[in-house]
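Q: Take a look at final_20.cif, mmCIF, C-alpha atoms and all ligand atoms:
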data_start
loop_
_atom_site.label_atom_id
_atom_site.label_comp_id
_atom_site.auth_asym_id
_atom_site.auth_seq_id
_atom_site.Cartn_x
_atom_site.Cartn_y
_atom_site.Cartn_z
CA MET C 1 96.83 94.73 69.19
CA GLU C 2 96.01 98.04 67.47
CA TYR C 3 97.09 101.17 69.33
CA SER C 4 95.82 104.68 68.65
CA THR C 5 98.42 106.55 70.76
CA MET C 6 101.40 104.26 70.56
CA LYS C 7 103.72 102.71 68.01
CA LEU C 8 105.71 99.56 68.69
CA GLU C 9 108.74 98.97 66.48
CA ARG C 10 110.82 95.85 66.96
CA VAL C 11 114.43 95.73 65.83
CA ASP C 12 117.19 93.09 65.86
CA GLY C 13 114.72 90.22 65.55
CA GLY C 14 112.61 91.49 68.43
CA ALA C 15 115.50 91.78 70.90
CA ILE C 16 114.85 95.51 71.15
CA CYS C 17 111.50 97.25 70.94
CA TRP C 18 110.84 100.97 70.54
CA VAL C 19 107.65 102.08 72.25
CA ARG C 20 106.78 105.50 70.82
CA ILE C 21 104.03 107.44 72.54
CA SER C 22 102.22 109.26 69.79
CA ARG C 23 99.66 111.89 70.60
CA PRO C 24 101.60 114.82 69.18
CA ARG C 25 98.65 117.27 68.95
CA VAL C 26 98.83 117.64 72.75
CA LEU C 27 102.54 116.84 73.15
CA ASN C 28 101.79 113.20 74.07
CA ALA C 29 99.84 114.19 77.19
CA LEU C 30 98.68 111.18 79.22
CA ASP C 31 94.93 110.61 79.18
CA TRP C 32 93.08 107.38 79.99
CA THR C 33 93.71 106.02 76.49
CA VAL C 34 97.48 106.57 76.61
CA LEU C 35 97.71 105.06 80.09
CA ARG C 36 95.64 102.02 79.08
CA GLU C 37 97.66 101.56 75.89
CA LEU C 38 100.94 101.87 77.79
CA GLU C 39 99.75 99.13 80.12
CA ALA C 40 98.62 96.99 77.19
CA ALA C 41 101.87 97.50 75.29
CA PHE C 42 104.03 96.42 78.21
CA THR C 43 101.72 93.47 78.92
CA GLN C 44 102.03 92.40 75.30
CA LEU C 45 105.83 92.80 75.36
CA ARG C 46 106.11 90.71 78.52
CA SER C 47 105.22 87.61 76.52
CA GLU C 48 107.85 88.15 73.81
CA ALA C 49 110.65 85.68 74.53
CA ALA C 50 113.22 87.38 72.30
CA LEU C 51 112.86 90.78 74.01
CA ARG C 52 115.95 92.10 75.84
CA VAL C 53 115.47 95.89 76.07
CA VAL C 54 112.64 98.42 75.63
CA LEU C 55 113.31 101.96 74.43
CA LEU C 56 110.52 104.33 75.45
CA THR C 57 110.21 107.66 73.66
CA GLY C 58 107.73 110.25 72.41
CA GLU C 59 106.93 111.40 68.89
CA GLY C 60 107.32 115.03 67.91
CA LYS C 61 108.74 117.74 70.14
CA ALA C 62 107.79 116.14 73.45
CA PHE C 63 108.60 112.98 75.35
CA VAL C 64 105.41 113.46 77.39
CA ALA C 65 104.22 116.94 78.48
CA GLY C 66 102.42 115.53 81.51
CA ALA C 67 99.06 114.15 82.41
CA ASP C 68 96.30 115.57 80.24
CA ILE C 69 95.20 118.81 81.91
CA ALA C 70 91.86 118.84 80.04
CA THR C 71 91.11 115.36 81.43
CA MET C 72 92.07 116.35 84.96
CA GLN C 73 90.47 119.82 85.21
CA PRO C 74 86.90 118.67 86.02
CA MET C 75 87.90 115.79 88.31
CA ASP C 76 86.76 115.51 91.91
CA ALA C 77 88.91 113.90 94.62
CA ALA C 78 87.64 110.36 93.96
CA GLN C 79 88.31 110.66 90.23
CA GLY C 80 91.73 112.17 90.96
CA LEU C 81 92.53 109.20 93.18
CA GLU C 82 91.43 106.76 90.48
CA PHE C 83 93.45 108.53 87.75
CA GLY C 84 96.49 108.86 90.03
CA ARG C 85 96.43 105.26 91.23
CA TYR C 86 95.92 103.84 87.77
CA GLY C 87 98.83 105.78 86.30
CA SER C 88 101.01 104.91 89.27
CA ALA C 89 100.27 101.22 88.79
CA VAL C 90 101.13 101.43 85.09
CA PHE C 91 104.42 103.19 85.89
CA ARG C 92 105.19 100.64 88.60
CA ALA C 93 104.68 97.84 86.08
CA ILE C 94 107.16 99.59 83.78
CA GLU C 95 109.63 99.95 86.66
CA ARG C 96 109.24 96.24 87.43
CA PHE C 97 109.20 95.17 83.78
CA PRO C 98 111.50 92.14 83.62
CA VAL C 99 113.95 93.58 81.09
CA PRO C 100 115.58 97.03 81.14
CA VAL C 101 113.51 99.98 79.92
CA ILE C 102 115.43 103.06 78.80
CA ALA C 103 113.68 106.43 78.56
CA VAL C 104 114.80 108.19 75.39
CA VAL C 105 113.82 111.76 76.20
CA ASN C 106 113.54 113.72 72.98
CA GLY C 107 111.84 116.86 74.35
CA TYR C 108 109.49 117.96 77.13
CA ALA C 109 109.29 115.52 80.06
CA LEU C 110 106.96 117.41 82.38
CA GLY C 111 104.89 116.28 85.32
CA GLY C 112 103.68 112.78 84.49
CA GLY C 113 106.23 112.76 81.66
CA CYS C 114 109.14 113.31 84.05
CA GLU C 115 107.59 110.69 86.34
CA LEU C 116 107.31 108.23 83.45
CA ALA C 117 110.96 108.77 82.54
CA MET C 118 111.91 108.18 86.19
CA ALA C 119 110.02 104.86 86.24
CA CYS C 120 112.42 103.63 83.55
CA ASP C 121 115.80 102.11 84.43
CA PHE C 122 117.73 105.13 83.18
CA ARG C 123 117.38 108.09 80.86
CA TYR C 124 119.18 109.39 77.79
CA ALA C 125 118.23 112.88 76.65
CA SER C 126 118.65 115.10 73.63
CA THR C 127 119.93 118.65 74.09
CA LYS C 128 116.29 119.70 73.54
CA ALA C 129 114.96 117.80 76.55
CA VAL C 130 113.35 119.78 79.35
CA PHE C 131 112.32 118.31 82.71
CA ALA C 132 110.00 119.74 85.36
CA GLN C 133 107.40 118.86 87.93
CA PRO C 134 104.99 121.76 87.21
CA GLU C 135 102.14 120.41 89.37
CA VAL C 136 102.20 123.06 92.11
CA GLY C 137 101.55 125.68 89.43
CA LEU C 138 98.37 123.77 88.58
CA GLY C 139 97.19 123.46 92.15
CA ILE C 140 98.08 119.78 92.58
CA THR C 141 100.88 117.58 93.84
CA PRO C 142 102.63 115.11 91.55
CA GLY C 143 100.45 112.00 91.28
CA TYR C 144 102.66 109.38 89.65
CA ALA C 145 105.31 109.08 92.39
CA GLY C 146 107.26 112.23 91.51
CA THR C 147 107.61 113.09 95.20
CA GLN C 148 109.08 109.61 95.75
CA ARG C 149 111.27 108.77 92.76
CA LEU C 150 112.75 112.25 92.28
CA PRO C 151 114.44 112.48 95.73
CA ARG C 152 115.66 108.90 95.42
CA LEU C 153 117.21 109.79 92.08
CA ILE C 154 118.68 113.27 92.55
CA GLY C 155 118.62 113.72 96.34
CA ARG C 156 116.15 115.43 98.62
CA GLY C 157 117.41 118.98 98.25
CA MET C 158 117.43 119.14 94.45
CA ALA C 159 114.11 117.27 94.34
CA ALA C 160 112.49 119.63 96.83
CA GLU C 161 113.63 122.62 94.77
CA MET C 162 112.24 121.16 91.54
CA LEU C 163 108.97 120.14 93.23
CA TYR C 164 108.40 123.47 95.04
CA THR C 165 109.42 125.80 92.21
CA ALA C 166 108.08 123.86 89.16
CA ARG C 167 111.20 125.20 87.45
CA MET C 168 112.11 123.91 83.96
CA VAL C 169 115.40 121.99 84.06
CA LYS C 170 117.24 121.81 80.77
CA ALA C 171 119.24 118.80 79.59
CA ASP C 172 122.66 120.03 80.72
CA GLU C 173 121.43 120.61 84.28
CA ALA C 174 119.53 117.30 84.23
CA LEU C 175 122.82 115.60 83.41
CA ARG C 176 124.66 117.45 86.18
CA ILE C 177 122.13 116.49 88.86
CA GLY C 178 121.89 112.86 87.76
CA LEU C 179 118.39 112.94 86.34
CA VAL C 180 119.76 111.66 83.02
CA ASN C 181 122.80 109.55 82.21
CA ARG C 182 123.73 111.08 78.88
CA VAL C 183 122.87 114.09 76.70
CA VAL C 184 123.45 114.05 72.95
CA GLU C 185 122.39 116.06 69.88
CA PRO C 186 118.79 115.32 68.82
CA GLU C 187 119.85 113.54 65.62
CA GLU C 188 122.15 111.23 67.59
CA LEU C 189 119.72 110.35 70.38
CA GLU C 190 118.08 107.24 68.93
CA ASN C 191 121.37 105.74 67.69
CA GLU C 192 122.99 106.38 71.06
CA ALA C 193 120.13 104.67 72.90
CA LEU C 194 120.09 101.82 70.40
CA ALA C 195 123.83 101.25 70.81
CA THR C 196 123.40 100.93 74.58
CA ALA C 197 120.37 98.67 74.13
CA ARG C 198 122.52 96.43 71.91
CA LEU C 199 125.26 96.28 74.55
CA ILE C 200 122.66 95.09 77.06
CA ALA C 201 121.07 92.70 74.57
CA GLY C 202 124.47 91.05 74.03
CA LYS C 203 124.85 90.06 77.69
CA ALA C 204 123.38 87.02 79.48
CA PRO C 205 119.61 87.68 79.48
CA ILE C 206 118.82 85.83 82.69
CA ALA C 207 121.63 87.61 84.52
CA ILE C 208 120.30 91.00 83.33
CA ARG C 209 116.83 90.16 84.64
CA ARG C 210 118.28 89.10 87.97
CA VAL C 211 120.34 92.28 88.22
CA LYS C 212 117.18 94.31 87.63
CA GLU C 213 115.30 92.39 90.30
CA ALA C 214 118.15 92.84 92.78
CA LEU C 215 118.31 96.57 92.00
CA ASN C 216 114.57 97.10 92.33
CA GLN C 217 113.98 94.94 95.38
CA GLY C 218 117.19 95.92 97.14
CA LEU C 219 116.45 99.64 97.02
CA GLU C 220 113.21 99.07 98.93
CA VAL C 221 114.65 97.26 101.97
CA ASP C 222 117.45 97.70 104.52
CA PHE C 223 121.04 97.00 103.43
CA ASP C 224 121.40 93.57 105.04
CA SER C 225 118.17 92.37 103.45
CA ALA C 226 119.31 93.87 100.14
CA ASN C 227 122.58 91.95 100.34
CA GLU C 228 120.60 88.79 100.95
CA ILE C 229 118.42 89.51 97.91
CA GLU C 230 121.54 89.92 95.79
CA SER C 231 123.07 86.69 97.15
CA LEU C 232 119.92 84.81 96.19
CA GLN C 233 119.82 86.29 92.68
CA PHE C 234 123.55 85.52 92.33
CA SER C 235 123.11 81.91 93.42
CA LEU C 236 120.22 81.32 91.02
CA CYS C 237 122.47 82.25 88.10
CA PHE C 238 124.49 79.10 88.78
CA THR C 239 121.53 77.02 87.65
CA THR C 240 121.75 78.46 84.12
CA HIS C 241 123.36 77.23 80.94
CA ASP C 242 124.61 80.74 80.21
CA GLN C 243 126.70 80.92 83.40
CA LYS C 244 128.45 77.62 82.62
CA GLU C 245 128.93 78.54 78.96
CA ALA C 246 130.11 82.14 79.56
CA MET C 247 132.68 81.11 82.17
CA GLU C 248 133.88 78.16 80.10
CA ALA C 249 134.21 80.46 77.07
CA PHE C 250 136.31 82.88 79.12
CA LEU C 251 138.61 80.10 80.27
CA GLN C 252 138.92 78.77 76.71
CA LYS C 253 139.52 82.30 75.36
CA ARG C 254 136.57 82.18 72.94
CA GLU C 255 133.27 83.98 72.41
CA ALA C 256 130.40 82.71 74.56
CA ARG C 257 127.24 81.40 72.92
CA LEU C 258 124.53 82.74 75.22
CA GLU C 259 121.14 81.07 74.88
CA ASN C 260 118.86 82.63 77.51
CA LYS C 261 118.62 79.44 79.49
N1 LIG K 1 97.69 118.37 78.91
C1 LIG K 1 96.84 118.73 77.92
N2 LIG K 1 97.22 119.41 76.83
C2 LIG K 1 98.50 119.78 76.72
C3 LIG K 1 99.44 119.46 77.72
C4 LIG K 1 99.00 118.72 78.85
N3 LIG K 1 99.81 118.34 79.84
N4 LIG K 1 100.64 119.97 77.35
C5 LIG K 1 100.45 120.56 76.17
N5 LIG K 1 99.17 120.46 75.78
C6 LIG K 1 98.55 120.97 74.53
C7 LIG K 1 98.40 122.47 74.57
O1 LIG K 1 97.22 122.84 75.25
C8 LIG K 1 98.32 122.78 73.08
O2 LIG K 1 97.03 122.48 72.61
P1 LIG K 1 96.33 123.46 71.54
O3 LIG K 1 97.19 123.37 70.32
O4 LIG K 1 94.97 122.84 71.36
O5 LIG K 1 96.33 124.81 72.16
C9 LIG K 1 99.26 121.75 72.46
O6 LIG K 1 99.43 120.74 73.44
C10 LIG K 1 100.63 122.34 72.14
O7 LIG K 1 101.12 122.94 73.31
P2 LIG K 1 101.58 124.49 73.36
O8 LIG K 1 100.94 125.28 72.29
O9 LIG K 1 101.40 124.95 74.77
O10 LIG K 1 103.13 124.31 73.01
P3 LIG K 1 104.32 125.26 73.46
O11 LIG K 1 105.51 124.77 72.70
O12 LIG K 1 103.94 126.68 73.36
O13 LIG K 1 104.52 124.91 75.03
C11 LIG K 1 104.76 123.46 76.93
C12 LIG K 1 104.97 123.67 75.42
C13 LIG K 1 105.71 124.39 77.69
C14 LIG K 1 105.11 122.01 77.21
C15 LIG K 1 103.30 123.78 77.32
O14 LIG K 1 102.44 123.07 76.43
C16 LIG K 1 102.95 123.39 78.71
O15 LIG K 1 103.32 124.07 79.66
N6 LIG K 1 102.20 122.25 78.88
C17 LIG K 1 101.72 121.80 80.15
C18 LIG K 1 102.84 121.12 80.92
C19 LIG K 1 102.40 120.70 82.30
O16 LIG K 1 102.05 121.49 83.13
N7 LIG K 1 102.43 119.37 82.55
C20 LIG K 1 102.14 118.82 83.84
C21 LIG K 1 100.72 118.42 83.92
S1 LIG K 1 100.29 117.90 85.57
C22 LIG K 1 100.80 116.30 85.65
O17 LIG K 1 101.42 115.78 84.78
C23 LIG K 1 100.42 115.56 86.90
C24 LIG K 1 100.78 114.08 86.83
C25 LIG K 1 100.09 113.33 87.92
C26 LIG K 1 98.65 113.10 87.63
C27 LIG K 1 97.93 112.45 88.74
C28 LIG K 1 96.45 112.59 88.52
C29 LIG K 1 95.68 112.59 89.76
#
In C-alpha cells, how does this file's structure come out?
Ligand code: CO8
A:
Amino acid sequence: MEYSTMKLERVDGGAICWVRISRPRVLNALDWTVLRELEAAFTQLRSEAALRVVLLTGEGKAFVAGADIATMQPMDAAQGLEFGRYGSAVFRAIERFPVPVIAVVNGYALGGGCELAMACDFRYASTKAVFAQPEVGLGITPGYAGTQRLPRLIGRGMAAEMLYTARMVKADEALRIGLVNRVVEPEELENEALATARLIAGKAPIAIRRVKEALNQGLEVDFDSANEIESLQFSLCFTTHDQKEAMEAFLQKREARLENK
C-alpha cells in the first residue's frame, strides 16, 4: 500500500519494521489521513509472518505534536466523538498489536502524540524529546486515553499534575517519572532502539506474544484473574517446538534454534 504520511522500513529480513510518521510541515500532527494510515500500516504488518518488533517514530523535529488543531477547531460534539473514538480505536489496536511496539520519541510528543507513545509497549527518548498533555490549554480533555494510560504509567499524582497544568516535561524528567525507559543523545536514539528490538527479535517469538497478551490482559482484571491468565499463557507455551528446543539446547549447552512454532 502507498502511504502519504507514513514510511515503512523493514530491516533484518522483515523481523523489525520502522514505522515513521511523516507529516513534518505540521510536526506530524494527527489528522484523519494519518490516523487511517496508522491503522492501515498496522493492519498490513499484522500479516507479516517474519515480524518480531515494530519501532514507531516521527520524522523531523517531532514524534507527533498532537491531534491536528486545524482539523479539530470547527468540530461539534458529534464530530469530536467520532474523531476521538476513531483515534482511540487505532491506538488500542497498536497497544494490542501481537508483537512489541516501541515508541522511539525523537522530539515533541504532545497531546495525541504523548497518548500514541503511551499506547506502545515502552518508550525510548532522545534528549530533545518533550512530553505534555496540553489539551486543557485548548479547551478540551485528552481524547485518546491520556486520562487513563498516563495515571497507570506514572501514577495518579504525577498524571494529574501533567493533565491539569499542560506543562512541558523534558526527557530527563520523563525518565525520572517512568514515562520513558531510556534517554540517549539524538544521534544514538535509533541504534539504541534497534539494539533492543534485536534483543527481543532473538527470543522465542511465540513466548514474546504470550507475554504481551498476559501483560495487556492481566492489567485489566483483578490479580487472581491475572494470575490465571498468565498460567494459561504459560501452559500454552508447552505446546510449542521452541519451548522443547530452547530447554533442550540449555541442557545440552548449545545455542537454541528457534523457529516460531
Ligand atoms: N496541529 C496542527 N498544526 C500543528 C500542530 C498541531 N497539533 N502542532 C504544530 N503545528 C503546526 C504549526 O501550526 C506550524 O504551522 P505553520 O508553519 O503553518 O505555522 C508548524 O506545525 C510548525 O509549528 P511551530 O511553528 O509552532 O513550531 P515551534 O517549534 O515554534 O513550536 C510546538 C513547536 C511547541 C510543538 C508548537 O507547534 C505547539 O505548541 N503545537 C501544538 C501542540 C499541542 O497543543 N498539541 C496538542 C493538540 S490537542 C490533542 O492532541 C488532543 C488529542 C485528542 C484528540 C481527540 C479528538 C476529539
Q: Please list as a PyMOL selection string every residue within 12 Å of Leu232 of chain C, counting all atoms listed in the file and excluding residues in the same chain fewer than 4 positions away.
A: chain C and resi 210-211+213-214+217-218+225-228+236-239
Q: Please list as an MDAnalysis selection string every residue within 7 Å of Gly14 of chain C, counting all atoms listed in the file and excluding residues in the same chain fewer than 3 positions away.
A: chainID C and resid 10:11 17 50:51
Q: Please identify all polymer residues lying at most 10 Å from the point (97.0, 111.8, 78.1) (file coordinates), using all atoms listed in the file, and present the result as an NGL selection string.
A: :C and (5 or 21 or 23 or 26-36 or 64-72 or 112-113)
Q: Residues up to 9 Å from ligand LIG 1 (chain K), counting all atoms listed in the file: could you list those as a VMD selection string?
A: chain C and resid 24 to 31 61 to 62 64 to 72 75 77 79 to 88 107 to 115 130 132 to 138 140 to 146 166 168
Q: Could you state the separation of atom CA of Glu190 of chain C and atom CA of Arg123 of chain C in Å, given to one decimal place?
A: 12.0 Å
Q: Quote the spacing between atom CA of Pro100 of chain C and atom CA of Leu153 of chain C in Å to one decimal place.
A: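 One can read the atom CA of Pro100 of chain C to atom CA of Leu153 of chain C distance as 16.9 Å.
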Q: Using only C-alpha atoms, which residues sit within 10 Å of Glu187 of chain C once same-chain residues fewer than 6 positions away are excluded, as a PyMOL selection string?
A: chain C and resi 106+126-127
Q: Considering only C-alpha atoms, state which residue in the set C:Arg254, C:Arg46, C:Arg20, C:Arg52 is at the smallest distance from Arg209 of chain C.
A: C:Arg52
Q: Would you mind reading off the distance between atom CA of Ala204 of chain C and atom CA of Leu175 of chain C, one decimal, in Å?
A: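 Computing it gives 28.9 Å between the two atoms.
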Q: Go through C:Ile206, C:Ala119, C:Ala78, C:Met1 one by one, measure the shortest atom-to-atom distance of each to Val90 of chain C using all atoms listed in the file, and give the residue with the smallest value.
A: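 Ranked by minimum distance to Val90 of chain C, first place goes to C:Ala119.
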Q: Pick the closest to Lys128 of chain C from C:Arg149, C:Lys170, C:His241, C:Arg156: which is it, counting only C-alpha atoms?
A: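 Closest to Lys128 of chain C, using only C-alpha atoms: C:Lys170.
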Q: For Ala197 of chain C, find every residue with an atom within 9 Å (counting all atoms listed in the file), except residues of its own chain fewer than 4 positions away, and show them as a list in words.
A: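 Once the adjacent positions are removed, what remains is Ile16, Arg52, Val53, Val54, Leu55, Pro100, Ile102, Glu192, Ala193, Ala201 and Gly202 of chain C.
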Q: Could you turn the residues from that selection into a file that holds C-alpha atoms, as a short mmCIF file (atom, residue, chain, number, x, y, z; two decimals), keeping the file's coordinate frame?
A:
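Full text of result_28.cif as output:
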data_model
loop_
_atom_site.label_atom_id
_atom_site.label_comp_id
_atom_site.auth_asym_id
_atom_site.auth_seq_id
_atom_site.Cartn_x
_atom_site.Cartn_y
_atom_site.Cartn_z
CA ILE C 16 114.85 95.51 71.15
CA ARG C 52 115.95 92.10 75.84
CA VAL C 53 115.47 95.89 76.07
CA VAL C 54 112.64 98.42 75.63
CA LEU C 55 113.31 101.96 74.43
CA PRO C 100 115.58 97.03 81.14
CA ILE C 102 115.43 103.06 78.80
CA GLU C 192 122.99 106.38 71.06
CA ALA C 193 120.13 104.67 72.90
CA ALA C 201 121.07 92.70 74.57
CA GLY C 202 124.47 91.05 74.03
#
Q: Mind listing as a PyMOL selection string all residues within 6 Å of (120.5, 84.4, 81.6), counting all atoms listed in the file?
A: chain C and resi 204-207+242+260-261
Q: Under the rule that all atoms listed in the file are counted, which of C:Ala174, C:Tyr164, C:Pro74, C:Lys212 is the nearest residue to Val101 of chain C?
A: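 Closest residue, counting all atoms listed in the file: C:Lys212.
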Q: Segment 66-77 of chain C, all listed atoms, 6 Å padding on each side: what axis-aligned box centre and edge lengths in Å to one decimal come out, as AutoDock Vina command-line options?
A:
--center_x 94.6 --center_y 116.9 --center_z 87.3 --size_x 27.7 --size_y 17.9 --size_z 26.6
